[in-house]
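Asks: Below you will find the structure I want to go over with you.
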Amino acid sequence: MQNKQIITATLMAIGLSAALSVATAEDKKVETEKCTGIVKAGMNDCAANGHSCAGKAAKDSVAGEWITVPKGTCEKIAGGTVVKE
Amino acid sequence: MTPNPILGCGIGLRFQHIDQILADKPPIPWLEILSDNYLTPGSVQQDYAIEIAQHYPVTLHGVGMSLGATEPFNDEYFQRLKALADQLHPAWISDHLCWTSAHGWVSHDLLPLPYTEETIKHVVQRIREAQDRLERRLVIENVSSYLQYQESALTEWEFITAVAEEADCKLLLDVNNIYVSAFNHDFDPCRYLDSIPIERVQQFHLAGYEDKGTHLLDTHGHPVSDSVWGLYKLALQRFGALPTLIEWDNNIPSLEELLAEAHKATEAHIHAFA
Amino acid sequence: MPLLELQHSLISALFQRDQLAEAAKRVKAQGSLSSEQRVGIYRNSAHGILLDCLESLYPVCFELVGTEFFGRTAHNFIDQAPPTSPFLADYGAGFVNHLAEHPALQEMLWIVEVAKLEWARHAAWHTVNQVASDFAQLEGLSEAQQAELRFQLPASAHLISSNTSIHSIWLAHQEEYPEKPQFEKIDLQEAQQVLLFREQRRLHQTTLSTDDWAFLQAIQQQLSMGELAEQFADQLPWLFSVAMQEGWIYSFTTTPPA
């Protein structure tokens with residue numbers, strides 16, 4: 001009996017939210033198109049379009065590559081102590 | 001639906017410029033869409049490409065068919081490419097005279113073929129099969145290269161001419177690639193141009209290379225060099241004012257700068273015959 | 001077939017440094033470059049293309065560890081697991097585990113957690129959501145049918161539970177985000193539950209409260225409405241209300257899963 005009441009209340013809530021979502025969909029769409037774009041989405045042309053890569057930092061790694069330690073923004077963070085060589 | 005005609009000098013579509021192109025709809029004669037970046041069905045990339053194709057004439061240009069490989073074609077690749085073409089209605093589909101897969105691995109880099117009679121037979125059969133799968137005639141591009149195989153017995157221009165004639169496909173001549181390979185392998189680029197059958201050529205590519213001292217590297221990261229503009233003028237005189245496309249993939253400039261480079265190609269069209 | 005052998009040899013040299021000399025035997029030496037250097041140009045180029053690809057997949061990790069570390073780790077990964085699919089979008093999932101095994105990151109496994117988030121973002125972008133349900137259809141159901149209702153998140157959704165503050169770290173590295181947290185002040189020990197999903201041309205990434213997290217997990221586990229009512233009791237209408245308005249619940253089915 002308890003469950004039945006919860007289910008009824010839940011279905012009412014779903015119905016109400018669904019109706020609300022439809023009503024605000026138009027406003028939301030305008031806002032979305034203003035603030036997004038493929039560049040902001042972080043999209044990149046990955047495929048190489050037939051060009052050759054000059055291979056930045058592509059020095060052939062031989063022995064010792066595991067010794068390199070991270071030296072990026074991780075050094076700034078509390079708790080992100082970098083193990084020194 | 002008949003594709004819109006491809007005329008004059010276009011640019012390759014890059015993600016950096018899509019928002020601006022869709023917002024401003026600048027006059028661009030046509031756009032080349034790099035098919036390999038749009039092959040996930042229903043992806044946001046495809047969504048954008050469809051919108052672009054509603055406003056501009058487009059062609060599809062790819063790097064992943066692996067026409068020169070010995071492994072069977074990847075069925076899913078062709079299915080997805082065909083489906084993309086059915087949505088975008090490109091004027092034509094192009095890919096490269098090279099291979100990108102072997103031994104179960106994919107290089108994602110364009111690797112050169114040995115220029116032999118045996119390779120011609122193999123590639124011709126592959127291009128025919130690809131044309132059947134896509135239900136259209138393909139346009140095949142010459143690649144830039146940095147090595148020649150011991151077993152190569154033909155020049156690149158003999159090889160590409162034989163392949164185009166026997167497979168009955170069209171050619172996309174990349175003038176920059178001819179120049180880069182001519183430098184790297186010490187041949188005469190004019191002789192290359194003069195050997196290609198006029199009626200086979202459908203389109204030109206132009207791009208900028210990087211001079212590495214010992215060799216030229218086809219990085220698509222610079223303006224077109226003066227020497228390539230010179231070779232392009234000879235190409236226009238031989239083959240006519242065919243559709244031309246500027247490729248720029250590294251250090252991608254603003255849309256305005258890219259369109260200015262395409263405009264230089266348009267100027268060359270006018271002056272080639274003056 | 002000679003062509004097959006030639007191609008096998010060359011592609012091996014791209015992804016296995018010790019195969020370079022072997023492949024070079026089939027290449028002419030010309031001018032100032034040896035045949036080995038010529039094959040090397042291709043190895044360098046193929047690696048460079050894939051390195052660019054990994055950088056664009058893991059931009060925050062790239063900033064966290066820096067150019068040199070990222071580059072070296074990526075080059076090792078490329079040799080260890082060369083691409084096997086013609087679709088570049090498939091490439092790079094294994095990089096997360098590669099980072100997790102790196103000795104220098106054993107004290108900084110939170111970076112690996114950020115990598116997981118970045119791959120999930122890529123995967124979400126490349127997933128198409130199922131057809132959205134019309135929730136008005138819920139009205140005519142019998143009581144028995146109501147109890148058997150099951151709901152689904154968008155197919156692109158990822159629920160990620162992390163023992164570190166992945167969402168805050170990610171935000172702190174977004175150039176254009178107006179209220180981005182100051183990276184130096186982030187508490188790494190703060191566990192965060194993140195929901196990711198794609199809505200057409202937009203990717204939503206948000207942290208969830210413990211209650212919302214538990215609720216969405218139950219939804220993902222395909223609990224029926226009856227079971228949900230049992231578990232969440234009188235919280236359920238409110239949980240659904242929020243989830244519906246945020247677009248977290250995308251469709252429903254009236255038949256039990258097969």
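Here's how to read the names in the structure tokens: chain A, B, ... by the order shown, residue numbers from 1 in each chain, ligand numbers from 1 in the order shown.
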What are the residues of chain A lining chain B at 7 Å or less? Count only C-alpha atoms, and put the answer as a PyMOL selection string.

Replies: chain A and resi 37-39+43-54

Asks: Would you kindly return, as a ChimeraX atom specification, each protein, DNA or RNA residue with an atom no farther than 7 Å from any atom of range 218-235 of chain C, considering only C-alpha atoms and excluding same-chain residues fewer than 3 positions away?

Replies: /A:3,6-7 /C:146-153,214-215,238-239

Asks: May I ask you to extract the residues of chain C within 8 Å of chain B, using only C-alpha atoms, and to give them as a VMD selection string?

Replies: chain C and resid 3 to 4 7 to 8 11 14 26 to 28 30 32 to 33 35 38 to 39 41 to 42 45 to 46 49 to 50 82 to 89 125 to 128 200 to 201

Asks: DSSP on the backbone: which residues in range 33-253 of chain B end up as helix (DSSP H, G or I)? Give the answer as an mmCIF file with C-alpha atoms, in the first residue's frame.

Replies:
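Once written, result_29.cif looks like this:
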data_model
loop_
_atom_site.group_PDB
_atom_site.id
_atom_site.type_symbol
_atom_site.label_atom_id
_atom_site.label_comp_id
_atom_site.auth_asym_id
_atom_site.auth_seq_id
_atom_site.Cartn_x
_atom_site.Cartn_y
_atom_site.Cartn_z
ATOM 1 C CA SER B 35 35.637 11.791 -44.513
ATOM 2 C CA ASP B 36 37.710 9.990 -41.870
ATOM 3 C CA ASN B 37 36.743 12.574 -39.242
ATOM 4 C CA TYR B 38 33.022 12.071 -39.879
ATOM 5 C CA VAL B 44 28.187 15.394 -33.553
ATOM 6 C CA GLN B 45 30.756 15.691 -36.340
ATOM 7 C CA GLN B 46 28.362 14.126 -38.854
ATOM 8 C CA ASP B 47 25.666 16.447 -37.633
ATOM 9 C CA TYR B 48 27.826 19.457 -38.463
ATOM 10 C CA ALA B 49 28.912 18.024 -41.827
ATOM 11 C CA ILE B 50 25.285 17.538 -42.855
ATOM 12 C CA GLU B 51 24.548 21.164 -42.048
ATOM 13 C CA ILE B 52 27.597 22.314 -44.038
ATOM 14 C CA ALA B 53 26.535 20.229 -47.037
ATOM 15 C CA GLN B 54 23.128 21.918 -46.965
ATOM 16 C CA HIS B 55 24.800 25.242 -47.708
ATOM 17 C CA ASP B 75 33.780 -3.757 -44.830
ATOM 18 C CA GLU B 76 32.649 -1.444 -42.079
ATOM 19 C CA TYR B 77 34.836 1.372 -43.394
ATOM 20 C CA PHE B 78 33.174 1.178 -46.791
ATOM 21 C CA GLN B 79 29.684 0.857 -45.300
ATOM 22 C CA ARG B 80 30.149 3.936 -43.144
ATOM 23 C CA LEU B 81 31.724 5.920 -45.985
ATOM 24 C CA LYS B 82 28.874 4.970 -48.307
ATOM 25 C CA ALA B 83 26.322 5.984 -45.669
ATOM 26 C CA LEU B 84 28.092 9.314 -45.166
ATOM 27 C CA ALA B 85 28.097 9.924 -48.928
ATOM 28 C CA ASP B 86 24.375 9.110 -49.074
ATOM 29 C CA GLN B 87 23.776 11.899 -46.552
ATOM 30 C CA LEU B 88 26.157 14.546 -47.893
ATOM 31 C CA GLU B 117 53.882 -4.075 -62.950
ATOM 32 C CA GLU B 118 52.750 -6.469 -60.239
ATOM 33 C CA THR B 119 51.650 -3.601 -57.971
ATOM 34 C CA ILE B 120 49.741 -2.005 -60.867
ATOM 35 C CA LYS B 121 47.720 -5.196 -61.354
ATOM 36 C CA HIS B 122 46.987 -5.422 -57.651
ATOM 37 C CA VAL B 123 45.987 -1.800 -57.139
ATOM 38 C CA VAL B 124 43.851 -1.695 -60.290
ATOM 39 C CA GLN B 125 41.810 -4.620 -59.021
ATOM 40 C CA ARG B 126 41.486 -2.940 -55.600
ATOM 41 C CA ILE B 127 40.340 0.390 -57.037
ATOM 42 C CA ARG B 128 37.780 -1.396 -59.185
ATOM 43 C CA GLU B 129 36.456 -3.191 -56.123
ATOM 44 C CA ALA B 130 36.322 0.072 -54.142
ATOM 45 C CA GLN B 131 34.459 1.761 -56.997
ATOM 46 C CA ASP B 132 31.951 -1.097 -57.036
ATOM 47 C CA ARG B 133 31.454 -0.894 -53.289
ATOM 48 C CA LEU B 134 30.865 2.864 -53.374
ATOM 49 C CA GLU B 156 55.754 7.400 -60.275
ATOM 50 C CA TRP B 157 54.157 9.077 -63.303
ATOM 51 C CA GLU B 158 54.300 5.849 -65.318
ATOM 52 C CA PHE B 159 52.787 4.001 -62.386
ATOM 53 C CA ILE B 160 49.939 6.436 -61.649
ATOM 54 C CA THR B 161 49.061 6.781 -65.350
ATOM 55 C CA ALA B 162 48.857 3.014 -65.827
ATOM 56 C CA VAL B 163 46.722 2.616 -62.686
ATOM 57 C CA ALA B 164 44.287 5.388 -63.710
ATOM 58 C CA GLU B 165 43.920 4.069 -67.259
ATOM 59 C CA GLU B 166 43.392 0.436 -66.264
ATOM 60 C CA ALA B 167 41.155 1.081 -63.248
ATOM 61 C CA VAL B 175 50.875 19.736 -57.052
ATOM 62 C CA ASN B 176 52.646 20.172 -53.731
ATOM 63 C CA ASN B 177 53.109 16.408 -53.387
ATOM 64 C CA ILE B 178 54.645 16.247 -56.859
ATOM 65 C CA TYR B 179 57.021 19.054 -55.911
ATOM 66 C CA VAL B 180 57.938 17.483 -52.547
ATOM 67 C CA SER B 181 58.557 14.038 -54.061
ATOM 68 C CA ALA B 182 60.506 15.553 -56.975
ATOM 69 C CA PHE B 183 62.840 17.229 -54.491
ATOM 70 C CA ASN B 184 63.136 14.141 -52.280
ATOM 71 C CA HIS B 185 63.802 11.757 -55.170
ATOM 72 C CA PRO B 189 58.311 17.698 -61.658
ATOM 73 C CA CYS B 190 57.498 19.174 -65.090
ATOM 74 C CA ARG B 191 58.169 15.826 -66.700
ATOM 75 C CA TYR B 192 55.720 14.292 -64.196
ATOM 76 C CA LEU B 193 52.976 16.764 -65.181
ATOM 77 C CA ASP B 194 53.634 16.322 -68.896
ATOM 78 C CA SER B 195 53.169 12.544 -68.676
ATOM 79 C CA ILE B 198 44.884 15.349 -69.528
ATOM 80 C CA GLU B 199 41.379 13.877 -69.510
ATOM 81 C CA ARG B 200 42.055 11.817 -66.348
ATOM 82 C CA ASP B 226 56.398 30.122 -54.538
ATOM 83 C CA SER B 227 57.885 27.182 -56.412
ATOM 84 C CA VAL B 228 54.652 25.213 -55.983
ATOM 85 C CA TRP B 229 52.663 28.196 -57.262
ATOM 86 C CA GLY B 230 54.977 28.121 -60.300
ATOM 87 C CA LEU B 231 54.362 24.421 -60.868
ATOM 88 C CA TYR B 232 50.627 24.997 -60.373
ATOM 89 C CA LYS B 233 50.637 27.539 -63.203
ATOM 90 C CA LEU B 234 52.156 24.926 -65.527
ATOM 91 C CA ALA B 235 49.524 22.437 -64.369
ATOM 92 C CA LEU B 236 46.728 24.899 -65.163
ATOM 93 C CA GLN B 237 48.138 25.479 -68.624
ATOM 94 C CA ARG B 238 48.263 21.747 -69.325
ATOM 95 C CA PHE B 239 45.069 20.516 -67.668
#

Asks: With only C-alpha atoms as the basis for distance, which of C:Ala144, C:Ala21, C:Val96, C:Leu188 is at the shortest distance from chain A?

Replies: C:Leu188

Asks: Can you measure CA of Ala157 in chain C to CA of Ala124 in chain C for me? One decimal in Å is fine.

Replies: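 About the pair CA of Ala157 in chain C and CA of Ala124 in chain C: they are 6.6 Å apart.
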
Asks: With only C-alpha atoms as the counted atoms, please give the residues lying no more than 9 Å from Glu55 in chain C, apart from itself and same-chain residues fewer than 5 positions off, as a list in words.

Replies: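 Near neighbours after the sequence-gap exclusion: Leu50, Val60, Cys61, Phe62, Phe70, Gly71 and Ala74 of chain C.
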
Asks: I need the chosen residues saved as an mmCIF file, in the first residue's frame, with N, CA, C and O atoms.

Replies:
data_model
loop_
_atom_site.group_PDB
_atom_site.id
_atom_site.type_symbol
_atom_site.label_atom_id
_atom_site.label_comp_id
_atom_site.auth_asym_id
_atom_site.auth_seq_id
_atom_site.Cartn_x
_atom_site.Cartn_y
_atom_site.Cartn_z
ATOM 1 N N LEU C 50 49.768 9.997 -34.306
ATOM 2 C CA LEU C 50 49.068 9.355 -33.184
ATOM 3 C C LEU C 50 49.282 10.115 -31.883
ATOM 4 O O LEU C 50 48.385 10.176 -31.029
ATOM 5 N N VAL C 60 43.704 17.443 -20.697
ATOM 6 C CA VAL C 60 43.977 17.813 -19.299
ATOM 7 C C VAL C 60 45.164 17.000 -18.770
ATOM 8 O O VAL C 60 46.060 17.544 -18.136
ATOM 9 N N CYS C 61 45.188 15.715 -19.069
ATOM 10 C CA CYS C 61 46.350 14.897 -18.671
ATOM 11 C C CYS C 61 47.628 15.455 -19.270
ATOM 12 O O CYS C 61 48.677 15.482 -18.610
ATOM 13 N N PHE C 62 47.527 15.902 -20.523
ATOM 14 C CA PHE C 62 48.689 16.483 -21.190
ATOM 15 C C PHE C 62 49.229 17.667 -20.379
ATOM 16 O O PHE C 62 50.421 17.779 -20.131
ATOM 17 N N PHE C 70 54.385 13.406 -21.270
ATOM 18 C CA PHE C 70 53.275 12.913 -22.097
ATOM 19 C C PHE C 70 53.816 12.308 -23.392
ATOM 20 O O PHE C 70 53.425 11.222 -23.802
ATOM 21 N N GLY C 71 54.744 13.044 -24.023
ATOM 22 C CA GLY C 71 55.307 12.585 -25.289
ATOM 23 C C GLY C 71 55.978 11.221 -25.164
ATOM 24 O O GLY C 71 55.703 10.309 -25.927
ATOM 25 N N ALA C 74 53.438 8.524 -24.419
ATOM 26 C CA ALA C 74 52.615 8.258 -25.604
ATOM 27 C C ALA C 74 53.408 7.443 -26.633
ATOM 28 O O ALA C 74 52.878 6.498 -27.217
#

Asks: Please return, as an MDAnalysis selection string, all residues of range 29-263 of chain B that DSSP assigns to strand (DSSP E) on the basis of the backbone.

Replies: chainID B and resid 31:34 58:61 93:96 99:102 105:111 139:141 170:174 201:206 210:211 216:217 244:246

Asks: For the atom pair CA of Leu51 in chain C and CA of Ser165 in chain C, what is the interatomic distance in Å to one decimal place?

Replies: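 So the two atoms, CA of Leu51 in chain C and CA of Ser165 in chain C, lie 26.6 Å apart.
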
Asks: Which residue is closest to chain C? Choose from A:Thr8, A:Ala41, A:Ala19, A:Gly72 and count only C-alpha atoms.

Replies: A:Gly72

Asks: Choose the residue, out of A:Leu16, A:Gln2, A:Glu75, A:Thr10, that has the smallest atom-to-atom separation from chain C; count only C-alpha atoms.

Replies: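 Among the listed residues, the smallest separation from chain C belongs to A:Thr10.
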
Asks: Please determine, counting only C-alpha atoms, which residue among C:Val242, C:Met108, C:Ala155, C:Leu117 has the shortest atom-to-atom distance to Gln130 in chain C.

Replies: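 Ranking C:Val242, C:Met108, C:Ala155, C:Leu117 by distance to Gln130 in chain C, first place goes to C:Ala155.
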